[in-house]
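Peer 1: Have a look at the structure that comes next, please.
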Amino acid sequence: MIRQKSFENEKPTLFLVPTPIGNLSEMTPRAIEVLNSVDVIACEDTRTSGQLLKHFDIRKRLIAYQNFNEEASAAGIINLLSQGQNVALISDAGYPLINDPGQKVVMEAAAKGFNVVPLSGPNAMLNGLVASGLIAQPFIFVGFLPQGNGERNRKLAEYKNYPMTLVFYEAPHRIEKMMKSVLEIFGDRRCCIARELTKVHEEFLRGTVSELIPELEGLKGEMVVIVEGNRDDYSKDVDSDLIIRMVRESVELGMTTSDAVRDAAKKTGISRNVIYRIVHQCDN
């Protein structure tokens with residue numbers, strides 16, 4: 001289990017800094033402050049990001065971090081962190097890891113115990129997700145679960161087989177009960193609890209569910225709970241009749257078979273390959 005107290009240690013930090021998707025006035029003062037404070041800024045395109053930084057008079061060393069060279073780029077950033085340098089990762093426009101590069105370096109930085117600190121301000125879910133160290137896409141945002149044990153367990157059971165990363169909100173006085181329910185229904189998956197995001201006591205707890213439960217007593221602040229999706233092969237448990245009915249109904253409404261399969265996969269969390277196989281076997 002790795003416990004990150006973002007602003008209560010001297011460890012090198014990887015900052016995840018979102019940038020405006022269009023209007024540069026939406027660049028936050030904190031983002032500008034962080035970009036001015038780090039040693040190196042990693043970006044998708046040094047020419048595009050160079051224009052952004054020039055606009056805000058930010059003069060820092062720029063390095064490229066792109067999907068096609070992510071292996072080497074991640075190793076380079078980890079090396080910089082190992083040397084004690086702070087690094088900011090930015091997108092050309094948008095949020096790192098959300099349809100943009102950054103997944104590998106975040107996973108490696110978090111696993112090695114470096115600080116991974118997200119910036120955004122208005123959205124705790126995205127902050128927690130991108131800095132969790134878990135797969136950021138695809139994900140399902142669930143929000144708060146029901147308070148009663150039975151209802152909470154039933155709601156979790158609905159998401160048990162989904163392979164996507166799951167994101168929840170929870171209050172501090174319910175977090176222990178919620179995590180015990182997660183352990184009971186999901187099993188001992190990898191998990192991250194993010195709390196007090198963007199505040200002075202910001203903290204990330206990363207580990208398995210069973211590792212995190214003993215650390216929960218006395219924690220304050222509303223929490224983002226990010227849980228690994230189901231990695232098991234559960235195709236044998238699929239209700240084939242339900243899947244076939246869903247696909248046929250969509251086709252009757254005018255969808256192509258391909259689109260109907262994609263829609264069923266999105267709704268059920270079952271892979272398209274499994275659904276294609278079920279539909280093909282039925283047709284034959």
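By convention here, the chains of the structure tokens are called A, B, ... in the order presented, each chain's residues are numbered starting at 1, and ligands are numbered starting at 1 in the order presented.
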Set the distance at 8 Å and use only C-alpha atoms: which residues neighbour A:Ile63 once local chain neighbours fewer than 6 positions away are removed? I'd like the list as a VMD selection string.
Peer 2: chain A and resid 40 to 43 46
Peer 1: When DSSP is applied to the backbone of this structure, which of stretch 99-248 of chain A are assigned alpha helix (DSSP H)? Write them out as a CSV table (one decimal) with all heavy atoms, in the first residue's frame.
Peer 2:
```
chain,number,residue,atom,x,y,z
A,103,GLN,N,-1.0,7.8,-19.4
A,103,GLN,CA,-1.3,6.6,-18.6
A,103,GLN,C,-0.1,5.9,-18.0
A,103,GLN,O,0.0,5.6,-16.8
A,103,GLN,CB,-2.2,5.6,-19.4
A,103,GLN,CG,-2.6,4.4,-18.6
A,103,GLN,CD,-3.7,4.7,-17.5
A,103,GLN,OE1,-4.8,5.1,-17.8
A,103,GLN,NE2,-3.3,4.6,-16.3
A,104,LYS,N,0.9,5.6,-18.9
A,104,LYS,CA,2.0,4.8,-18.4
A,104,LYS,C,2.9,5.5,-17.4
A,104,LYS,O,3.3,4.9,-16.4
A,104,LYS,CB,2.9,4.4,-19.7
A,104,LYS,CG,4.0,3.4,-19.3
A,104,LYS,CD,4.7,2.8,-20.5
A,104,LYS,CE,5.8,1.9,-20.1
A,104,LYS,NZ,5.3,0.7,-19.2
A,105,VAL,N,3.1,6.7,-17.6
A,105,VAL,CA,4.0,7.4,-16.7
A,105,VAL,C,3.3,7.6,-15.3
A,105,VAL,O,4.0,7.6,-14.3
A,105,VAL,CB,4.5,8.8,-17.3
A,105,VAL,CG1,3.4,9.8,-17.4
A,105,VAL,CG2,5.6,9.4,-16.5
A,106,VAL,N,2.0,7.9,-15.3
A,106,VAL,CA,1.3,8.0,-14.0
A,106,VAL,C,1.4,6.7,-13.3
A,106,VAL,O,1.6,6.6,-12.1
A,106,VAL,CB,-0.1,8.4,-14.3
A,106,VAL,CG1,-0.9,8.3,-13.0
A,106,VAL,CG2,-0.2,9.9,-14.7
A,107,MET,N,1.1,5.6,-14.0
A,107,MET,CA,1.2,4.2,-13.3
A,107,MET,C,2.5,4.0,-12.7
A,107,MET,O,2.7,3.5,-11.6
A,107,MET,CB,0.8,3.2,-14.3
A,107,MET,CG,-0.7,3.2,-14.7
A,107,MET,SD,-1.2,2.0,-16.0
A,107,MET,CE,-1.2,0.5,-15.0
A,108,GLU,N,3.6,4.3,-13.5
A,108,GLU,CA,4.9,4.0,-13.0
A,108,GLU,C,5.4,5.0,-11.9
A,108,GLU,O,6.0,4.5,-10.9
A,108,GLU,CB,5.9,4.1,-14.2
A,108,GLU,CG,5.8,3.0,-15.2
A,108,GLU,CD,6.9,2.9,-16.2
A,108,GLU,OE1,7.9,3.6,-16.0
A,108,GLU,OE2,6.8,2.2,-17.2
A,109,ALA,N,5.0,6.2,-12.0
A,109,ALA,CA,5.4,7.2,-11.0
A,109,ALA,C,4.7,6.9,-9.7
A,109,ALA,O,5.3,6.9,-8.6
A,109,ALA,CB,5.0,8.6,-11.4
A,110,ALA,N,3.4,6.5,-9.7
A,110,ALA,CA,2.6,6.1,-8.5
A,110,ALA,C,3.2,4.9,-7.9
A,110,ALA,O,3.3,4.8,-6.7
A,110,ALA,CB,1.2,6.0,-8.9
A,111,ALA,N,3.5,3.9,-8.7
A,111,ALA,CA,4.1,2.6,-8.2
A,111,ALA,C,5.4,2.8,-7.5
A,111,ALA,O,5.7,2.1,-6.6
A,111,ALA,CB,4.2,1.6,-9.4
A,124,ALA,N,-13.8,16.6,-8.8
A,124,ALA,CA,-13.1,15.7,-8.0
A,124,ALA,C,-12.9,14.3,-8.7
A,124,ALA,O,-11.9,13.7,-8.5
A,124,ALA,CB,-13.7,15.5,-6.6
A,125,MET,N,-14.0,13.9,-9.4
A,125,MET,CA,-13.9,12.6,-10.1
A,125,MET,C,-12.7,12.5,-11.1
A,125,MET,O,-12.0,11.6,-11.0
A,125,MET,CB,-15.3,12.4,-10.8
A,125,MET,CG,-15.3,11.1,-11.5
A,125,MET,SD,-14.7,11.1,-13.2
A,125,MET,CE,-15.9,12.1,-14.1
A,126,LEU,N,-12.6,13.5,-11.9
A,126,LEU,CA,-11.5,13.5,-12.9
A,126,LEU,C,-10.1,13.6,-12.2
A,126,LEU,O,-9.2,12.9,-12.6
A,126,LEU,CB,-11.6,14.6,-13.9
A,126,LEU,CG,-12.6,14.4,-15.1
A,126,LEU,CD1,-12.6,15.6,-16.0
A,126,LEU,CD2,-12.1,13.1,-15.9
A,127,ASN,N,-10.0,14.4,-11.2
A,127,ASN,CA,-8.8,14.5,-10.4
A,127,ASN,C,-8.3,13.2,-9.9
A,127,ASN,O,-7.2,12.7,-10.0
A,127,ASN,CB,-8.9,15.5,-9.3
A,127,ASN,CG,-8.5,16.9,-9.7
A,127,ASN,OD1,-8.6,17.3,-10.9
A,127,ASN,ND2,-8.1,17.7,-8.7
A,128,GLY,N,-9.3,12.5,-9.2
A,128,GLY,CA,-9.0,11.2,-8.6
A,128,GLY,C,-8.7,10.2,-9.6
A,128,GLY,O,-7.7,9.4,-9.4
A,129,LEU,N,-9.4,10.1,-10.7
A,129,LEU,CA,-9.2,9.1,-11.7
A,129,LEU,C,-7.8,9.2,-12.4
A,129,LEU,O,-7.1,8.2,-12.4
A,129,LEU,CB,-10.3,9.3,-12.8
A,129,LEU,CG,-10.2,8.3,-14.0
A,129,LEU,CD1,-10.4,6.9,-13.6
A,129,LEU,CD2,-11.2,8.8,-15.1
A,130,VAL,N,-7.4,10.4,-12.9
A,130,VAL,CA,-6.2,10.5,-13.6
A,130,VAL,C,-5.0,10.3,-12.7
A,130,VAL,O,-3.9,9.8,-13.2
A,130,VAL,CB,-6.1,11.8,-14.4
A,130,VAL,CG1,-7.2,12.0,-15.4
A,130,VAL,CG2,-6.0,13.0,-13.4
A,131,ALA,N,-5.1,10.5,-11.4
A,131,ALA,CA,-3.9,10.3,-10.5
A,131,ALA,C,-4.0,9.0,-9.8
A,131,ALA,O,-3.1,8.8,-9.0
A,131,ALA,CB,-3.8,11.5,-9.6
A,149,ASN,N,-26.8,-1.2,3.9
A,149,ASN,CA,-25.9,-2.2,3.5
A,149,ASN,C,-26.5,-3.1,2.4
A,149,ASN,O,-25.8,-3.4,1.4
A,149,ASN,CB,-25.6,-3.1,4.7
A,149,ASN,CG,-24.6,-2.5,5.7
A,149,ASN,OD1,-23.9,-1.6,5.3
A,149,ASN,ND2,-24.7,-2.9,6.9
A,150,GLY,N,-27.7,-3.5,2.5
A,150,GLY,CA,-28.3,-4.3,1.5
A,150,GLY,C,-28.4,-3.6,0.1
A,150,GLY,O,-28.1,-4.2,-0.9
A,151,GLU,N,-28.9,-2.4,0.2
A,151,GLU,CA,-29.0,-1.6,-1.1
A,151,GLU,C,-27.7,-1.3,-1.7
A,151,GLU,O,-27.5,-1.4,-2.9
A,151,GLU,CB,-29.8,-0.3,-0.9
A,151,GLU,CG,-31.3,-0.5,-0.5
A,151,GLU,CD,-32.0,0.8,-0.4
A,151,GLU,OE1,-31.3,1.9,-0.5
A,151,GLU,OE2,-33.2,0.8,-0.1
A,152,ARG,N,-26.7,-1.0,-0.8
A,152,ARG,CA,-25.3,-0.8,-1.3
A,152,ARG,C,-24.8,-2.0,-2.0
A,152,ARG,O,-24.2,-2.0,-3.1
A,152,ARG,CB,-24.5,-0.3,-0.2
A,152,ARG,CG,-23.0,0.0,-0.6
A,152,ARG,CD,-22.2,0.7,0.5
A,152,ARG,NE,-22.2,-0.2,1.7
A,152,ARG,CZ,-22.7,0.2,2.8
A,152,ARG,NH1,-23.4,1.3,2.9
A,152,ARG,NH2,-22.6,-0.6,3.9
A,153,ASN,N,-24.9,-3.2,-1.4
A,153,ASN,CA,-24.4,-4.4,-1.9
A,153,ASN,C,-25.1,-4.8,-3.3
A,153,ASN,O,-24.5,-5.2,-4.2
A,153,ASN,CB,-24.6,-5.6,-0.9
A,153,ASN,CG,-23.6,-5.5,0.2
A,153,ASN,OD1,-22.7,-4.6,0.2
A,153,ASN,ND2,-23.7,-6.4,1.2
A,154,ARG,N,-26.4,-4.5,-3.3
A,154,ARG,CA,-27.1,-4.8,-4.6
A,154,ARG,C,-26.6,-3.9,-5.7
A,154,ARG,O,-26.5,-4.3,-6.8
A,154,ARG,CB,-28.6,-4.7,-4.3
A,154,ARG,CG,-29.3,-5.9,-3.6
A,154,ARG,CD,-30.8,-5.8,-3.7
A,154,ARG,NE,-31.3,-4.7,-2.8
A,154,ARG,CZ,-31.6,-4.8,-1.5
A,154,ARG,NH1,-31.3,-6.0,-0.9
A,154,ARG,NH2,-32.1,-3.8,-0.8
A,155,LYS,N,-26.4,-2.6,-5.4
A,155,LYS,CA,-25.9,-1.7,-6.4
A,155,LYS,C,-24.5,-2.1,-6.9
A,155,LYS,O,-24.2,-2.1,-8.1
A,155,LYS,CB,-25.9,-0.3,-5.9
A,155,LYS,CG,-25.4,0.8,-6.8
A,155,LYS,CD,-26.2,0.8,-8.1
A,155,LYS,CE,-27.6,1.4,-7.9
A,155,LYS,NZ,-28.3,1.6,-9.2
A,156,LEU,N,-23.7,-2.5,-5.9
A,156,LEU,CA,-22.3,-2.9,-6.3
A,156,LEU,C,-22.4,-4.2,-7.2
A,156,LEU,O,-21.6,-4.3,-8.1
A,156,LEU,CB,-21.5,-3.2,-5.0
A,156,LEU,CG,-21.0,-2.0,-4.3
A,156,LEU,CD1,-20.4,-2.4,-3.0
A,156,LEU,CD2,-19.9,-1.2,-5.1
A,157,ALA,N,-23.3,-5.1,-6.8
A,157,ALA,CA,-23.4,-6.3,-7.6
A,157,ALA,C,-23.7,-6.0,-9.1
A,157,ALA,O,-23.4,-6.8,-10.0
A,157,ALA,CB,-24.5,-7.2,-7.0
A,158,GLU,N,-24.4,-4.9,-9.4
A,158,GLU,CA,-24.8,-4.5,-10.7
A,158,GLU,C,-23.5,-4.2,-11.5
A,158,GLU,O,-23.5,-4.4,-12.8
A,158,GLU,CB,-25.7,-3.3,-10.7
A,158,GLU,CG,-27.1,-3.5,-10.2
A,158,GLU,CD,-27.9,-2.3,-10.2
A,158,GLU,OE1,-27.5,-1.3,-10.9
A,158,GLU,OE2,-29.0,-2.2,-9.5
A,159,TYR,N,-22.5,-3.8,-10.8
A,159,TYR,CA,-21.2,-3.4,-11.5
A,159,TYR,C,-20.1,-4.4,-11.4
A,159,TYR,O,-19.0,-4.2,-11.9
A,159,TYR,CB,-20.7,-2.0,-10.9
A,159,TYR,CG,-21.7,-0.9,-11.2
A,159,TYR,CD1,-22.6,-0.5,-10.3
A,159,TYR,CD2,-21.6,-0.2,-12.5
A,159,TYR,CE1,-23.5,0.6,-10.6
A,159,TYR,CE2,-22.5,0.8,-12.7
A,159,TYR,CZ,-23.4,1.2,-11.8
A,159,TYR,OH,-24.3,2.3,-12.1
A,175,ILE,N,-17.2,5.5,4.7
A,175,ILE,CA,-16.1,4.9,3.8
A,175,ILE,C,-15.7,3.5,4.2
A,175,ILE,O,-15.5,2.7,3.4
A,175,ILE,CB,-14.9,5.9,3.8
A,175,ILE,CG1,-13.9,5.3,2.7
A,175,ILE,CG2,-14.2,6.0,5.1
A,175,ILE,CD1,-14.4,5.3,1.3
A,176,GLU,N,-15.7,3.2,5.5
A,176,GLU,CA,-15.2,1.9,6.0
A,176,GLU,C,-16.3,0.9,5.6
A,176,GLU,O,-16.0,-0.2,5.1
A,176,GLU,CB,-15.0,1.9,7.5
A,176,GLU,CG,-14.4,0.5,7.9
A,176,GLU,CD,-13.9,0.6,9.4
A,176,GLU,OE1,-14.0,1.7,10.0
A,176,GLU,OE2,-13.5,-0.5,9.9
A,177,LYS,N,-17.6,1.2,5.8
A,177,LYS,CA,-18.6,0.2,5.4
A,177,LYS,C,-18.7,0.0,3.9
A,177,LYS,O,-18.9,-1.1,3.4
A,177,LYS,CB,-20.0,0.8,5.9
A,177,LYS,CG,-20.2,0.7,7.4
A,177,LYS,CD,-21.6,1.2,7.8
A,177,LYS,CE,-21.8,1.2,9.3
A,177,LYS,NZ,-23.1,1.7,9.7
A,178,MET,N,-18.5,1.1,3.2
A,178,MET,CA,-18.5,1.0,1.7
A,178,MET,C,-17.4,0.1,1.2
A,178,MET,O,-17.6,-0.8,0.4
A,178,MET,CB,-18.4,2.4,1.1
A,178,MET,CG,-18.4,2.4,-0.4
A,178,MET,SD,-16.8,2.8,-1.1
A,178,MET,CE,-17.2,2.9,-2.8
A,179,MET,N,-16.2,0.3,1.8
A,179,MET,CA,-15.0,-0.5,1.3
A,179,MET,C,-15.1,-2.0,1.7
A,179,MET,O,-14.7,-2.9,1.0
A,179,MET,CB,-13.7,0.1,1.9
A,179,MET,CG,-13.4,1.4,1.3
A,179,MET,SD,-12.9,1.3,-0.5
A,179,MET,CE,-11.3,0.6,-0.4
A,180,LYS,N,-15.8,-2.2,2.9
A,180,LYS,CA,-16.0,-3.6,3.2
A,180,LYS,C,-17.0,-4.3,2.3
A,180,LYS,O,-16.9,-5.5,2.0
A,180,LYS,CB,-16.5,-3.7,4.7
A,180,LYS,CG,-15.4,-3.4,5.7
A,180,LYS,CD,-15.9,-3.5,7.1
A,180,LYS,CE,-14.8,-3.3,8.1
A,180,LYS,NZ,-15.2,-3.3,9.5
A,181,SER,N,-18.0,-3.5,1.8
A,181,SER,CA,-18.9,-4.0,0.8
A,181,SER,C,-18.2,-4.3,-0.5
A,181,SER,O,-18.5,-5.3,-1.2
A,181,SER,CB,-20.1,-3.0,0.6
A,181,SER,OG,-20.9,-2.9,1.7
A,182,VAL,N,-17.3,-3.4,-0.9
A,182,VAL,CA,-16.5,-3.6,-2.1
A,182,VAL,C,-15.7,-4.8,-2.0
A,182,VAL,O,-15.7,-5.6,-3.0
A,182,VAL,CB,-15.6,-2.3,-2.4
A,182,VAL,CG1,-14.6,-2.7,-3.5
A,182,VAL,CG2,-16.4,-1.1,-2.7
A,183,LEU,N,-15.1,-5.1,-0.9
A,183,LEU,CA,-14.3,-6.3,-0.7
A,183,LEU,C,-15.2,-7.5,-0.8
A,183,LEU,O,-14.8,-8.5,-1.4
A,183,LEU,CB,-13.6,-6.3,0.6
A,183,LEU,CG,-12.7,-7.4,1.0
A,183,LEU,CD1,-11.6,-7.6,-0.1
A,183,LEU,CD2,-12.1,-7.3,2.4
A,184,GLU,N,-16.4,-7.5,-0.2
A,184,GLU,CA,-17.3,-8.6,-0.2
A,184,GLU,C,-17.8,-8.9,-1.6
A,184,GLU,O,-17.9,-10.1,-2.0
A,184,GLU,CB,-18.5,-8.3,0.8
A,184,GLU,CG,-19.5,-9.4,0.8
A,184,GLU,CD,-20.7,-9.1,1.7
A,184,GLU,OE1,-20.6,-8.1,2.5
A,184,GLU,OE2,-21.8,-9.7,1.6
A,185,ILE,N,-18.2,-7.9,-2.3
A,185,ILE,CA,-18.9,-8.1,-3.6
A,185,ILE,C,-17.9,-8.2,-4.8
A,185,ILE,O,-18.0,-9.1,-5.6
A,185,ILE,CB,-19.8,-6.9,-3.9
A,185,ILE,CG1,-20.9,-6.7,-2.8
A,185,ILE,CG2,-20.5,-7.1,-5.3
A,185,ILE,CD1,-21.7,-8.0,-2.6
A,186,PHE,N,-16.8,-7.4,-4.8
A,186,PHE,CA,-15.9,-7.4,-5.9
A,186,PHE,C,-14.7,-8.3,-5.7
A,186,PHE,O,-14.0,-8.7,-6.6
A,186,PHE,CB,-15.3,-5.9,-6.1
A,186,PHE,CG,-16.3,-5.0,-6.7
A,186,PHE,CD1,-15.9,-3.6,-6.9
A,186,PHE,CD2,-17.6,-5.4,-7.1
A,186,PHE,CE1,-16.8,-2.7,-7.5
A,186,PHE,CE2,-18.4,-4.5,-7.7
A,186,PHE,CZ,-18.1,-3.1,-7.9
A,209,VAL,N,-8.0,-3.4,-1.9
A,209,VAL,CA,-9.0,-3.0,-1.0
A,209,VAL,C,-8.7,-3.4,0.5
A,209,VAL,O,-8.9,-2.7,1.4
A,209,VAL,CB,-10.4,-3.6,-1.4
A,209,VAL,CG1,-11.5,-3.3,-0.4
A,209,VAL,CG2,-10.7,-3.1,-2.8
A,210,SER,N,-8.2,-4.7,0.6
A,210,SER,CA,-7.9,-5.1,2.0
A,210,SER,C,-6.8,-4.4,2.6
A,210,SER,O,-6.7,-4.2,3.9
A,210,SER,CB,-7.6,-6.6,1.9
A,210,SER,OG,-6.4,-6.9,1.2
A,211,GLU,N,-5.8,-3.8,1.8
A,211,GLU,CA,-4.7,-3.0,2.4
A,211,GLU,C,-5.2,-1.7,2.8
A,211,GLU,O,-4.7,-1.1,3.8
A,211,GLU,CB,-3.6,-2.9,1.3
A,211,GLU,CG,-2.8,-4.1,1.0
A,211,GLU,CD,-1.9,-3.9,-0.1
A,211,GLU,OE1,-2.1,-3.1,-1.0
A,211,GLU,OE2,-0.9,-4.7,-0.2
A,212,LEU,N,-6.2,-1.1,2.1
A,212,LEU,CA,-6.7,0.2,2.5
A,212,LEU,C,-7.6,0.3,3.7
A,212,LEU,O,-7.7,1.2,4.4
A,212,LEU,CB,-7.4,0.8,1.2
A,212,LEU,CG,-6.5,1.7,0.3
A,212,LEU,CD1,-5.3,0.9,-0.2
A,212,LEU,CD2,-7.3,2.1,-0.9
A,240,SER,N,-27.0,-15.2,-22.4
A,240,SER,CA,-27.0,-15.1,-23.8
A,240,SER,C,-28.3,-14.6,-24.4
A,240,SER,O,-28.4,-13.8,-25.3
A,240,SER,CB,-26.6,-16.5,-24.4
A,240,SER,OG,-25.3,-16.8,-24.1
A,241,ASP,N,-29.4,-15.1,-23.8
A,241,ASP,CA,-30.8,-14.7,-24.3
A,241,ASP,C,-31.0,-13.2,-24.1
A,241,ASP,O,-31.5,-12.6,-25.0
A,241,ASP,CB,-31.8,-15.5,-23.5
A,241,ASP,CG,-31.9,-17.0,-23.8
A,241,ASP,OD1,-31.3,-17.4,-24.9
A,241,ASP,OD2,-32.4,-17.8,-23.0
A,242,LEU,N,-30.5,-12.7,-23.0
A,242,LEU,CA,-30.7,-11.2,-22.8
A,242,LEU,C,-29.9,-10.4,-23.8
A,242,LEU,O,-30.3,-9.5,-24.4
A,242,LEU,CB,-30.2,-10.8,-21.4
A,242,LEU,CG,-30.1,-9.3,-21.1
A,242,LEU,CD1,-31.5,-8.7,-21.2
A,242,LEU,CD2,-29.6,-9.1,-19.7
A,243,ILE,N,-28.6,-10.9,-24.1
A,243,ILE,CA,-27.8,-10.2,-25.1
A,243,ILE,C,-28.4,-10.3,-26.5
A,243,ILE,O,-28.5,-9.2,-27.2
A,243,ILE,CB,-26.4,-10.9,-25.1
A,243,ILE,CG1,-25.7,-10.7,-23.8
A,243,ILE,CG2,-25.5,-10.3,-26.2
A,243,ILE,CD1,-25.4,-9.2,-23.4
A,244,ILE,N,-28.9,-11.4,-26.9
A,244,ILE,CA,-29.5,-11.6,-28.2
A,244,ILE,C,-30.7,-10.7,-28.3
A,244,ILE,O,-30.9,-10.0,-29.3
A,244,ILE,CB,-29.8,-13.0,-28.4
A,244,ILE,CG1,-28.6,-13.9,-28.6
A,244,ILE,CG2,-30.7,-13.2,-29.7
A,244,ILE,CD1,-28.8,-15.4,-28.5
A,245,ARG,N,-31.5,-10.6,-27.2
A,245,ARG,CA,-32.7,-9.8,-27.3
A,245,ARG,C,-32.3,-8.3,-27.4
A,245,ARG,O,-33.0,-7.6,-28.2
A,245,ARG,CB,-33.5,-10.0,-26.0
A,245,ARG,CG,-34.9,-9.3,-26.0
A,245,ARG,CD,-35.8,-9.9,-25.0
A,245,ARG,NE,-35.3,-9.7,-23.6
A,245,ARG,CZ,-34.9,-10.6,-22.8
A,245,ARG,NH1,-34.8,-11.9,-23.3
A,245,ARG,NH2,-34.5,-10.4,-21.6
A,246,MET,N,-31.3,-7.9,-26.7
A,246,MET,CA,-30.9,-6.5,-26.7
A,246,MET,C,-30.4,-6.1,-28.2
A,246,MET,O,-30.8,-5.1,-28.7
A,246,MET,CB,-29.7,-6.2,-25.8
A,246,MET,CG,-30.1,-6.2,-24.3
A,246,MET,SD,-28.7,-6.0,-23.2
A,246,MET,CE,-28.2,-4.3,-23.6
A,247,VAL,N,-29.6,-7.0,-28.8
A,247,VAL,CA,-29.1,-6.7,-30.1
A,247,VAL,C,-30.3,-6.7,-31.1
A,247,VAL,O,-30.4,-5.8,-32.0
A,247,VAL,CB,-28.1,-7.8,-30.5
A,247,VAL,CG1,-27.7,-7.6,-32.0
A,247,VAL,CG2,-26.8,-7.6,-29.6
A,248,ARG,N,-31.2,-7.7,-31.0
A,248,ARG,CA,-32.3,-7.7,-32.0
A,248,ARG,C,-33.2,-6.5,-31.9
A,248,ARG,O,-33.7,-5.9,-32.9
A,248,ARG,CB,-33.1,-9.0,-31.8
A,248,ARG,CG,-32.4,-10.3,-32.3
A,248,ARG,CD,-33.2,-11.5,-32.0
A,248,ARG,NE,-32.6,-12.7,-32.6
A,248,ARG,CZ,-33.0,-13.9,-32.4
A,248,ARG,NH1,-34.0,-14.2,-31.5
A,248,ARG,NH2,-32.4,-14.9,-33.0
```
Peer 1: Separation of atom CA of A:Leu97 and atom CA of A:Val225, in Å?
Peer 2: 17.7 Å
Peer 1: Just the number, please: distance in Å from atom CA of A:Thr19 to atom CA of A:Ser91, one decimal.
Peer 2: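 Atom-to-atom, atom CA of A:Thr19 to atom CA of A:Ser91, that is 6.4 Å.
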Peer 1: For A:Cys192, please output as a list in words all residues within 6 Å (counting only C-alpha atoms; exclusion window: fewer than 6 positions along the same chain).
Peer 2: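 Selected residues are Ser132, Leu205, Arg206, Val225 and Ile226 of chain A.
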Peer 1: Here is a test: counting only C-alpha atoms, which residue of A:Ile58, A:Leu14, A:Ala74, A:Ile32 is nearest to A:Ala88?
Peer 2: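 Smallest separation from A:Ala88 among the options: A:Leu14.
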Peer 1: Write out as a list in words the set of residues from stretch 140-218 of chain A that DSSP, computed on the backbone, places in strand (DSSP E).
Peer 2: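 Written out, the strand (DSSP E) residues of stretch 140-218 of chain A are Ile140, Phe141, Val142, Gly143, Phe144, Thr165, Leu166, Val167, Phe168, Tyr169, Glu170, Arg190, Cys191, Cys192, Ile193, Ala194, Arg195, Glu203, Phe204, Leu205, Arg206, Gly207 and Thr208 of chain A.
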Peer 1: Selection from above, N, CA and C atoms, as a CSV table (one decimal), in the first residue's frame, can you write it?
Peer 2:
```
chain,number,residue,atom,x,y,z
A,140,ILE,N,-16.4,4.1,-15.6
A,140,ILE,CA,-17.8,4.4,-15.3
A,140,ILE,C,-17.8,5.2,-14.0
A,141,PHE,N,-18.5,6.3,-14.1
A,141,PHE,CA,-18.7,7.1,-12.9
A,141,PHE,C,-20.0,6.7,-12.3
A,142,VAL,N,-20.0,6.2,-11.1
A,142,VAL,CA,-21.2,5.7,-10.3
A,142,VAL,C,-21.7,6.8,-9.4
A,143,GLY,N,-20.7,7.5,-8.7
A,143,GLY,CA,-21.1,8.5,-7.7
A,143,GLY,C,-21.4,7.9,-6.4
A,144,PHE,N,-22.3,8.4,-5.6
A,144,PHE,CA,-22.6,7.9,-4.2
A,144,PHE,C,-23.4,6.6,-4.3
A,165,THR,N,-12.8,0.6,-15.3
A,165,THR,CA,-12.5,1.2,-14.0
A,165,THR,C,-13.8,1.9,-13.4
A,166,LEU,N,-14.0,1.7,-12.1
A,166,LEU,CA,-15.2,2.3,-11.5
A,166,LEU,C,-14.9,3.4,-10.6
A,167,VAL,N,-15.6,4.5,-10.6
A,167,VAL,CA,-15.4,5.7,-9.8
A,167,VAL,C,-16.6,6.0,-8.9
A,168,PHE,N,-16.4,6.1,-7.6
A,168,PHE,CA,-17.4,6.3,-6.7
A,168,PHE,C,-17.1,7.6,-5.8
A,169,TYR,N,-18.1,8.2,-5.2
A,169,TYR,CA,-17.9,9.2,-4.2
A,169,TYR,C,-18.4,8.5,-2.9
A,170,GLU,N,-17.7,9.0,-1.8
A,170,GLU,CA,-18.2,8.5,-0.5
A,170,GLU,C,-17.9,9.5,0.6
A,190,ARG,N,-7.4,-3.9,-6.9
A,190,ARG,CA,-6.6,-2.7,-6.7
A,190,ARG,C,-7.6,-1.5,-6.6
A,191,CYS,N,-7.2,-0.6,-5.9
A,191,CYS,CA,-8.1,0.5,-5.5
A,191,CYS,C,-7.2,1.8,-5.2
A,192,CYS,N,-7.9,2.9,-5.3
A,192,CYS,CA,-7.3,4.2,-4.9
A,192,CYS,C,-8.3,5.0,-4.2
A,193,ILE,N,-8.0,5.6,-3.0
A,193,ILE,CA,-8.9,6.5,-2.4
A,193,ILE,C,-8.2,7.9,-2.4
A,194,ALA,N,-8.9,8.9,-3.0
A,194,ALA,CA,-8.4,10.2,-3.0
A,194,ALA,C,-9.3,11.1,-2.2
A,195,ARG,N,-8.7,11.9,-1.3
A,195,ARG,CA,-9.5,12.8,-0.4
A,195,ARG,C,-8.8,14.2,-0.3
A,203,GLU,N,-4.6,13.8,-0.2
A,203,GLU,CA,-4.0,12.5,0.0
A,203,GLU,C,-4.5,11.4,-0.9
A,204,PHE,N,-3.6,10.5,-1.3
A,204,PHE,CA,-4.0,9.4,-2.2
A,204,PHE,C,-3.5,8.1,-1.4
A,205,LEU,N,-4.5,7.2,-1.3
A,205,LEU,CA,-4.1,5.9,-0.7
A,205,LEU,C,-4.3,4.8,-1.8
A,206,ARG,N,-3.2,4.2,-2.2
A,206,ARG,CA,-3.2,3.3,-3.3
A,206,ARG,C,-2.8,1.9,-2.9
A,207,GLY,N,-3.6,0.9,-3.2
A,207,GLY,CA,-3.3,-0.5,-2.9
A,207,GLY,C,-4.4,-1.4,-3.2
A,208,THR,N,-4.5,-2.5,-2.5
A,208,THR,CA,-5.7,-3.4,-2.7
A,208,THR,C,-6.7,-2.9,-1.7
```
Peer 1: What's the 9 Å shell around A:Asn115, counting only C-alpha atoms, without same-chain residues fewer than 4 positions away, as a list of chain:residue names?
Peer 2: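 Everything that qualifies: A:Gln4, A:Lys5, A:Ser6, A:Phe7, A:Asn9, A:Lys11, A:Pro12, A:Thr13, A:Leu14, A:Phe15, A:Ala109, A:Ala110.
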Peer 1: Could you list, as a list of chain:residue names, every residue within 12 Å of A:Gly22, counting only C-alpha atoms and ignoring same-chain residues fewer than 4 positions away?
Peer 2: A:Pro18, A:Glu26, A:Met27, A:Leu52, A:Asp92, A:Ala93, A:Gly94
